[in-house]
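Enquirer: Dropping in work.txt, with compact mmCIF, C-alpha atoms.
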```txt
# COMPACT_ATOMS: atom_id res chain seq x y z
CA ASP S 1234 0.00 0.00 0.00
CA ALA S 1235 1.30 3.41 -0.89
CA LYS S 1236 1.80 5.60 2.17
CA THR S 1237 1.46 9.34 2.33
CA THR S 1238 3.46 12.03 4.11
CA GLN S 1239 1.90 15.34 5.12
CA PRO S 1240 3.12 18.19 7.31
CA PRO S 1241 1.46 17.98 10.73
CA SER S 1242 0.22 21.58 10.69
CA MET S 1243 -0.11 24.70 8.53
CA ASP S 1244 -1.44 28.21 9.00
CA CYS S 1245 -3.19 30.34 6.42
CA ALA S 1246 -4.62 33.85 6.43
CA GLU S 1247 -8.30 34.15 5.66
CA GLY S 1248 -8.94 35.00 2.03
CA ARG S 1249 -5.60 33.61 0.90
CA ALA S 1250 -5.05 30.36 -0.94
CA ALA S 1251 -4.20 27.38 1.23
CA ASN S 1252 -1.81 24.93 -0.45
CA LEU S 1253 -1.60 21.60 1.32
CA PRO S 1254 1.17 19.26 0.12
CA CYS S 1255 1.26 15.48 0.17
CA ASN S 1256 4.00 13.06 -0.77
CA HIS S 1257 3.13 9.58 -2.03
CA SER S 1258 6.32 8.41 -3.68
CA THR S 1259 5.37 4.69 -3.71
CA ILE S 1260 2.00 5.15 -5.39
CA SER S 1261 1.04 2.50 -7.92
CA GLY S 1262 -0.24 3.24 -11.39
CA ASN S 1263 -3.85 2.37 -10.63
CA GLU S 1264 -4.11 4.08 -7.25
CA TYR S 1265 -6.09 7.26 -6.82
CA VAL S 1266 -5.26 10.20 -4.56
CA TYR S 1267 -8.13 11.22 -2.30
CA TRP S 1268 -8.49 14.23 -0.03
CA TYR S 1269 -10.82 14.44 2.95
CA ARG S 1270 -11.13 16.90 5.77
CA GLN S 1271 -12.40 16.52 9.32
CA ILE S 1272 -13.71 19.37 11.38
CA HIS S 1273 -13.32 18.74 15.08
CA SER S 1274 -15.52 15.89 16.40
CA GLN S 1275 -17.33 15.40 13.10
CA GLY S 1276 -17.10 12.73 10.44
CA PRO S 1277 -14.63 13.32 7.62
CA GLN S 1278 -15.92 15.07 4.52
CA TYR S 1279 -14.91 14.10 0.99
CA ILE S 1280 -13.23 16.93 -0.92
CA ILE S 1281 -11.80 15.66 -4.18
CA HIS S 1282 -9.91 12.80 -5.80
CA GLY S 1283 -7.80 12.23 -8.91
CA LEU S 1284 -5.66 9.72 -10.76
CA LYS S 1285 -3.34 11.57 -13.14
CA ASN S 1286 -4.91 14.78 -14.29
CA ASN S 1287 -5.51 17.89 -12.23
CA GLU S 1288 -9.02 18.12 -10.88
CA THR S 1289 -11.22 21.00 -9.74
CA ASN S 1290 -14.60 21.16 -8.07
CA GLU S 1291 -16.58 23.68 -6.07
CA MET S 1292 -14.52 23.04 -2.96
CA ALA S 1293 -10.93 22.78 -4.13
CA SER S 1294 -8.36 21.98 -6.80
CA LEU S 1295 -6.05 18.98 -6.85
CA ILE S 1296 -2.70 19.23 -8.57
CA ILE S 1297 -0.88 15.93 -9.15
CA THR S 1298 2.72 15.99 -10.37
CA GLU S 1299 3.54 14.29 -13.63
CA ASP S 1300 5.40 11.46 -11.90
CA ARG S 1301 2.44 11.16 -9.45
CA LYS S 1302 4.77 11.08 -6.46
CA SER S 1303 3.22 14.13 -4.86
CA SER S 1304 0.13 16.27 -4.96
CA THR S 1305 -1.19 19.57 -3.64
CA LEU S 1306 -4.68 20.42 -2.49
CA ILE S 1307 -5.55 24.05 -3.09
CA LEU S 1308 -8.31 25.91 -1.28
CA PRO S 1309 -8.40 29.09 -3.38
CA HIS S 1310 -9.87 31.48 -0.81
CA ALA S 1311 -9.60 29.98 2.65
CA THR S 1312 -12.17 30.94 5.29
CA LEU S 1313 -12.31 30.34 9.02
CA ARG S 1314 -14.69 27.44 8.35
CA ASP S 1315 -11.91 25.66 6.45
CA THR S 1316 -10.02 25.11 9.71
CA ALA S 1317 -9.82 21.32 9.92
CA VAL S 1318 -7.56 18.30 9.64
CA TYR S 1319 -6.93 17.46 5.98
CA TYR S 1320 -6.17 13.88 5.03
CA CYS S 1321 -4.36 12.87 1.87
CA ILE S 1322 -5.09 9.22 1.12
CA VAL S 1323 -4.03 6.79 -1.56
CA ARG S 1324 -6.76 4.31 -2.25
CA VAL S 1325 -6.03 0.68 -1.53
CA GLY S 1326 -8.20 -0.96 -4.12
CA LYS S 1327 -8.34 -4.34 -5.79
CA LEU S 1328 -10.62 -5.02 -8.69
CA THR S 1329 -11.32 -8.54 -7.52
CA GLY S 1330 -11.90 -7.91 -3.87
CA GLY S 1331 -10.74 -5.97 -0.84
CA GLY S 1332 -12.89 -3.09 -1.81
CA ASN S 1333 -11.78 0.46 -1.90
CA LYS S 1334 -10.54 0.68 1.65
CA LEU S 1335 -9.14 4.08 2.54
CA THR S 1336 -6.31 4.26 5.06
CA PHE S 1337 -6.24 7.51 7.02
CA GLY S 1338 -3.02 8.87 8.49
CA THR S 1339 -2.80 11.77 10.93
CA GLY S 1340 -3.24 14.45 8.24
CA THR S 1341 -2.44 18.17 8.29
CA GLN S 1342 -4.12 20.48 10.81
CA LEU S 1343 -4.92 23.62 8.82
CA LYS S 1344 -5.61 26.69 10.89
CA VAL S 1345 -7.14 29.64 9.05
CA GLU S 1346 -6.73 32.92 10.91
CA LEU S 1347 -7.95 36.46 10.46
CA ASP V 66 -32.43 13.71 1.96
CA GLY V 67 -30.03 10.84 1.55
CA GLY V 68 -27.38 10.29 4.15
CA ILE V 69 -25.79 8.09 6.73
CA THR V 70 -26.97 8.14 10.33
CA GLN V 71 -25.13 7.00 13.40
CA SER V 72 -26.79 6.69 16.76
CA PRO V 73 -26.45 7.52 19.50
CA LYS V 74 -24.05 10.47 19.34
CA TYR V 75 -22.75 9.81 22.86
CA LEU V 76 -22.76 6.44 24.62
CA PHE V 77 -21.64 5.46 28.09
CA ARG V 78 -21.19 1.87 29.19
CA LYS V 79 -19.76 0.02 32.12
CA GLU V 80 -16.60 -2.00 31.68
CA GLY V 81 -17.31 -5.59 30.69
CA GLN V 82 -20.59 -4.87 28.89
CA ASN V 83 -21.13 -5.38 25.21
CA VAL V 84 -22.53 -2.40 23.32
CA THR V 85 -23.89 -2.05 19.78
CA LEU V 86 -23.47 1.07 17.68
CA SER V 87 -26.00 1.74 14.96
CA CYS V 88 -25.22 2.80 11.39
CA GLU V 89 -27.95 3.26 8.77
CA GLN V 90 -27.69 4.66 5.24
CA ASN V 91 -30.31 5.47 2.61
CA LEU V 92 -27.85 6.20 -0.16
CA ASN V 93 -28.24 2.77 -1.74
CA HIS V 94 -24.50 2.25 -1.28
CA ASP V 95 -23.13 -1.26 -1.52
CA ALA V 96 -20.08 -0.82 0.70
CA MET V 97 -20.01 0.16 4.37
CA TYR V 98 -17.14 0.66 6.80
CA TRP V 99 -16.40 1.14 10.49
CA TYR V 100 -13.46 3.21 11.70
CA ARG V 101 -12.15 4.04 15.12
CA GLN V 102 -10.45 7.33 15.99
CA ASP V 103 -8.48 8.04 19.16
CA PRO V 104 -7.54 11.59 20.26
CA GLY V 105 -4.97 13.15 17.95
CA GLN V 106 -4.86 10.05 15.78
CA GLY V 107 -5.98 9.15 12.30
CA LEU V 108 -8.78 6.72 11.51
CA ARG V 109 -8.22 3.00 11.80
CA LEU V 110 -10.36 0.50 9.92
CA ILE V 111 -12.23 -2.03 12.07
CA TYR V 112 -14.49 -3.88 9.62
CA TYR V 113 -15.88 -3.34 6.16
CA SER V 114 -18.59 -4.89 4.02
CA GLN V 115 -18.82 -4.83 0.25
CA ILE V 116 -22.16 -6.56 -0.01
CA VAL V 117 -25.03 -7.86 2.10
CA ASN V 118 -24.20 -10.92 4.22
CA ASP V 119 -20.48 -10.46 3.68
CA PHE V 120 -17.88 -8.54 5.66
CA GLN V 121 -14.13 -8.47 6.13
CA LYS V 122 -11.81 -7.65 9.02
CA GLY V 123 -9.92 -4.42 8.89
CA ASP V 124 -6.72 -3.55 10.69
CA ILE V 125 -8.03 -3.64 14.26
CA ALA V 126 -10.96 -6.11 14.30
CA GLU V 127 -10.12 -7.83 17.59
CA GLY V 128 -12.82 -7.26 20.19
CA TYR V 129 -15.40 -6.13 17.63
CA SER V 130 -18.12 -7.85 15.64
CA VAL V 131 -20.45 -6.74 12.82
CA SER V 132 -23.37 -7.96 10.76
CA ARG V 133 -24.74 -6.96 7.36
CA GLU V 134 -28.21 -8.48 7.10
CA LYS V 135 -29.58 -5.50 5.19
CA LYS V 136 -27.98 -3.21 2.64
CA GLU V 137 -28.95 -0.17 4.67
CA SER V 138 -27.59 -1.29 8.03
CA PHE V 139 -24.14 -2.18 9.38
CA PRO V 140 -24.19 -2.33 13.20
CA LEU V 141 -20.96 -2.62 15.18
CA THR V 142 -20.77 -4.47 18.50
CA VAL V 143 -17.98 -3.56 20.86
CA THR V 144 -17.47 -6.62 23.01
CA SER V 145 -15.96 -7.00 26.45
CA ALA V 146 -12.89 -8.47 24.74
CA GLN V 147 -11.94 -5.05 23.39
CA LYS V 148 -9.24 -3.88 25.78
CA ASN V 149 -9.59 -0.14 25.27
CA PRO V 150 -13.02 0.61 23.80
CA THR V 151 -13.27 4.30 24.68
CA ALA V 152 -12.99 6.12 21.33
CA PHE V 153 -14.81 7.99 18.57
CA TYR V 154 -16.43 5.55 16.13
CA LEU V 155 -17.16 6.52 12.55
CA CYS V 156 -19.27 4.69 10.00
CA ALA V 157 -18.97 5.31 6.27
CA SER V 158 -20.47 4.06 3.03
CA SER V 159 -19.53 4.19 -0.61
CA PRO V 160 -21.10 3.12 -3.92
CA GLY V 161 -18.14 0.87 -4.61
CA LEU V 162 -14.72 0.90 -6.21
CA GLY V 163 -13.32 4.25 -7.23
CA TYR V 164 -15.84 6.33 -5.30
CA GLY V 165 -15.39 8.48 -2.23
CA TYR V 166 -16.87 7.75 1.14
CA THR V 167 -19.78 9.42 2.89
CA PHE V 168 -19.26 9.48 6.65
CA GLY V 169 -21.72 9.60 9.49
CA SER V 170 -21.35 12.11 12.30
CA GLY V 171 -19.85 9.53 14.66
CA THR V 172 -20.56 7.96 18.04
CA ARG V 173 -18.37 8.82 21.00
CA LEU V 174 -18.20 5.78 23.27
CA THR V 175 -16.97 6.10 26.83
CA VAL V 176 -16.49 3.04 28.97
CA VAL V 177 -16.34 3.68 32.69
```
Hey, can you dump this file as structure tokens for me?
Expert:
Amino acid sequence: DAKTTQPPSMDCAEGRAANLPCNHSTISGNEYVYWYRQIHSQGPQYIIHGLKNNETNEMASLIITEDRKSSTLILPHATLRDTAVYYCIVRVGKLTGGGNKLTFGTGTQLKVEL
Amino acid sequence: DGGITQSPKYLFRKEGQNVTLSCEQNLNHDAMYWYRQDPGQGLRLIYYSQIVNDFQKGDIAEGYSVSREKKESFPLTVTSAQKNPTAFYLCASSPGLGYGYTFGSGTRLTVV
């Protein structure tokens, strides 16, 4: 299983872009990169996922390097409500079984401040 | 509205008692999962189920049991064999391979 490495914490000023990095140097060719976030004492919330190409949705953008060994989640205009723990996850998936289990590490605590 | 519901939100039990945590979803998702989270830690997978009447152990299944008699329901029993049951328990579901998870709001279990 590919493992991920994230900084334990980051700060960001409100209104600025928050760029959260993730290293996944042992990722396999058929493994996706997922991002979730967890606001204190709530269930994690899905943000975005991608395989090779950059992805964008209403919440964030995901930039994956060409060699797929790292990625960056971008929150274009961070607000106080974006303060949360952000998890970068590489999907452990097998087409014939084992499901699409997601393994959560300790993530990055993003603190958005005025 | 479709979603995934965990109940109760807070649960207190005496040491040595079994306790069952409820997880119900009306998203028509095939797969369901139970995770445990300890303070300052990431989520650890307890059990998962890809289909009705089938489930698999996760990374920390000892002291837990599950059933999947209905597609909508995936209850988790924390047995007296679980050495340190006090934790935040999260249930999730997904349509299947390649899709993201939808999480419930969690149950905080405290054993006294």
Enquirer: Once you count only C-alpha atoms, which residues of chain V turn out to be within 6 Å of chain S? Could you give them as an mmCIF file with C-alpha atoms, keeping the file's coordinate frame?
Expert:
```
data_model
loop_
_atom_site.group_PDB
_atom_site.id
_atom_site.type_symbol
_atom_site.label_atom_id
_atom_site.label_comp_id
_atom_site.auth_asym_id
_atom_site.auth_seq_id
_atom_site.Cartn_x
_atom_site.Cartn_y
_atom_site.Cartn_z
ATOM 1 C CA GLN V 106 -4.860 10.050 15.780
ATOM 2 C CA GLY V 107 -5.980 9.150 12.300
ATOM 3 C CA LEU V 108 -8.780 6.720 11.510
ATOM 4 C CA LEU V 162 -14.720 0.900 -6.210
ATOM 5 C CA PHE V 168 -19.260 9.480 6.650
ATOM 6 C CA GLY V 169 -21.720 9.600 9.490
ATOM 7 C CA SER V 170 -21.350 12.110 12.300
ATOM 8 C CA GLY V 171 -19.850 9.530 14.660
#
```
Enquirer: Determine, counting only C-alpha atoms, which protein, DNA and RNA residues have an atom within 8 Å of an atom of Trp99 in chain V; residues of the same chain fewer than 4 positions away are not included. Present the result as a list in words.
Expert: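 Non-adjacent residues within range: Leu110, Ile111, Tyr112, Tyr113, Leu141, Tyr154, Leu155, Cys156 and Ala157 of chain V.
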Enquirer: Record the distance separating CA of Ile1272 in chain S and CA of Leu174 in chain V, expressed in Å with one decimal.
Expert: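 Straight-line distance from CA of Ile1272 in chain S to CA of Leu174 in chain V works out to 18.6 Å.
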Enquirer: Give as a compact mmCIF listing (two decimals) with C-alpha atoms, keeping the file's coordinate frame each residue that has an atom at most 9 Å from (-2.2, 5.9, -10.8) in the file, counting all atoms listed in the file.
Expert:
```txt
# COMPACT_ATOMS: atom_id res chain seq x y z
CA ILE S 1260 2.00 5.15 -5.39
CA SER S 1261 1.04 2.50 -7.92
CA GLY S 1262 -0.24 3.24 -11.39
CA ASN S 1263 -3.85 2.37 -10.63
CA GLU S 1264 -4.11 4.08 -7.25
CA TYR S 1265 -6.09 7.26 -6.82
CA VAL S 1266 -5.26 10.20 -4.56
CA GLY S 1283 -7.80 12.23 -8.91
CA LEU S 1284 -5.66 9.72 -10.76
CA LYS S 1285 -3.34 11.57 -13.14
CA ARG S 1301 2.44 11.16 -9.45
```
Enquirer: With all atoms listed in the file as the atoms that count, which of V:Thr85, V:Thr70, V:Gln102, V:Ser114 lies nearest to Ser159 in chain V?
Expert: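 Checking each candidate against Ser159 in chain V, we get V:Ser114 as the closest.
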Enquirer: Residues at most 12 Å from Phe139 in chain V, counting all atoms listed in the file, excluding those fewer than 4 positions away in the same chain, as an mmCIF file with C-alpha atoms, keeping the file's coordinate frame?
Expert:
```
data_model
loop_
_atom_site.group_PDB
_atom_site.id
_atom_site.type_symbol
_atom_site.label_atom_id
_atom_site.label_comp_id
_atom_site.auth_asym_id
_atom_site.auth_seq_id
_atom_site.Cartn_x
_atom_site.Cartn_y
_atom_site.Cartn_z
ATOM 1 C CA ILE V 69 -25.790 8.090 6.730
ATOM 2 C CA THR V 70 -26.970 8.140 10.330
ATOM 3 C CA GLN V 71 -25.130 7.000 13.400
ATOM 4 C CA SER V 72 -26.790 6.690 16.760
ATOM 5 C CA THR V 85 -23.890 -2.050 19.780
ATOM 6 C CA LEU V 86 -23.470 1.070 17.680
ATOM 7 C CA SER V 87 -26.000 1.740 14.960
ATOM 8 C CA CYS V 88 -25.220 2.800 11.390
ATOM 9 C CA GLU V 89 -27.950 3.260 8.770
ATOM 10 C CA GLN V 90 -27.690 4.660 5.240
ATOM 11 C CA ASN V 91 -30.310 5.470 2.610
ATOM 12 C CA HIS V 94 -24.500 2.250 -1.280
ATOM 13 C CA ASP V 95 -23.130 -1.260 -1.520
ATOM 14 C CA ALA V 96 -20.080 -0.820 0.700
ATOM 15 C CA MET V 97 -20.010 0.160 4.370
ATOM 16 C CA TYR V 98 -17.140 0.660 6.800
ATOM 17 C CA TRP V 99 -16.400 1.140 10.490
ATOM 18 C CA TYR V 112 -14.490 -3.880 9.620
ATOM 19 C CA TYR V 113 -15.880 -3.340 6.160
ATOM 20 C CA SER V 114 -18.590 -4.890 4.020
ATOM 21 C CA GLN V 115 -18.820 -4.830 0.250
ATOM 22 C CA ILE V 116 -22.160 -6.560 -0.010
ATOM 23 C CA VAL V 117 -25.030 -7.860 2.100
ATOM 24 C CA ASN V 118 -24.200 -10.920 4.220
ATOM 25 C CA ASP V 119 -20.480 -10.460 3.680
ATOM 26 C CA PHE V 120 -17.880 -8.540 5.660
ATOM 27 C CA SER V 130 -18.120 -7.850 15.640
ATOM 28 C CA VAL V 131 -20.450 -6.740 12.820
ATOM 29 C CA SER V 132 -23.370 -7.960 10.760
ATOM 30 C CA ARG V 133 -24.740 -6.960 7.360
ATOM 31 C CA GLU V 134 -28.210 -8.480 7.100
ATOM 32 C CA LYS V 135 -29.580 -5.500 5.190
ATOM 33 C CA LEU V 155 -17.160 6.520 12.550
ATOM 34 C CA CYS V 156 -19.270 4.690 10.000
ATOM 35 C CA ALA V 157 -18.970 5.310 6.270
ATOM 36 C CA SER V 158 -20.470 4.060 3.030
#
```
Enquirer: Which one is closest to Leu1343 in chain S: S:Ala1246, S:Cys1255, S:Leu1308, S:Ala1317? Count only C-alpha atoms.
Expert: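 For Leu1343 in chain S, the nearest of the given residues is S:Ala1317.
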Enquirer: Take CA of Ile1296 in chain S and CA of Ala1251 in chain S and report the distance between them in Å, one decimal.
Expert: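 Result for CA of Ile1296 in chain S versus CA of Ala1251 in chain S: 12.8 Å, one decimal.
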Enquirer: Can you pull out the residues contacting Lys1302 in chain S? Cut-off 10 Å, using all atoms listed in the file, and skip same-chain residues under 4 positions away; I want them as number ranges by chain.
Expert: S: 1237, 1255-1261, 1297-1298
Enquirer: For range 142-147 of chain V, list every protein, DNA or RNA residue within 6 Å, evaluated using all atoms listed in the file, and leave out those in the same chain fewer than 4 positions away; present the list as a list in words.
Expert: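 In the requested format, the answer is Gly81, Gln82, Asn83, Val84, Thr85, Gly128, Tyr129 and Ser130 of chain V.
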Enquirer: Find, counting only C-alpha atoms, the residue in V:Thr175, V:Arg109, V:Pro150, V:Gly161 that gets nearest to Lys74 in chain V.
Expert: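 Selected residue with least distance to Lys74 in chain V: V:Thr175.
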Enquirer: Suppose you want the space between CA of Gly1248 in chain S and CA of Val1323 in chain S; what is it in Å?
Expert: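 We find that CA of Gly1248 in chain S and CA of Val1323 in chain S lie 28.9 Å from each other.
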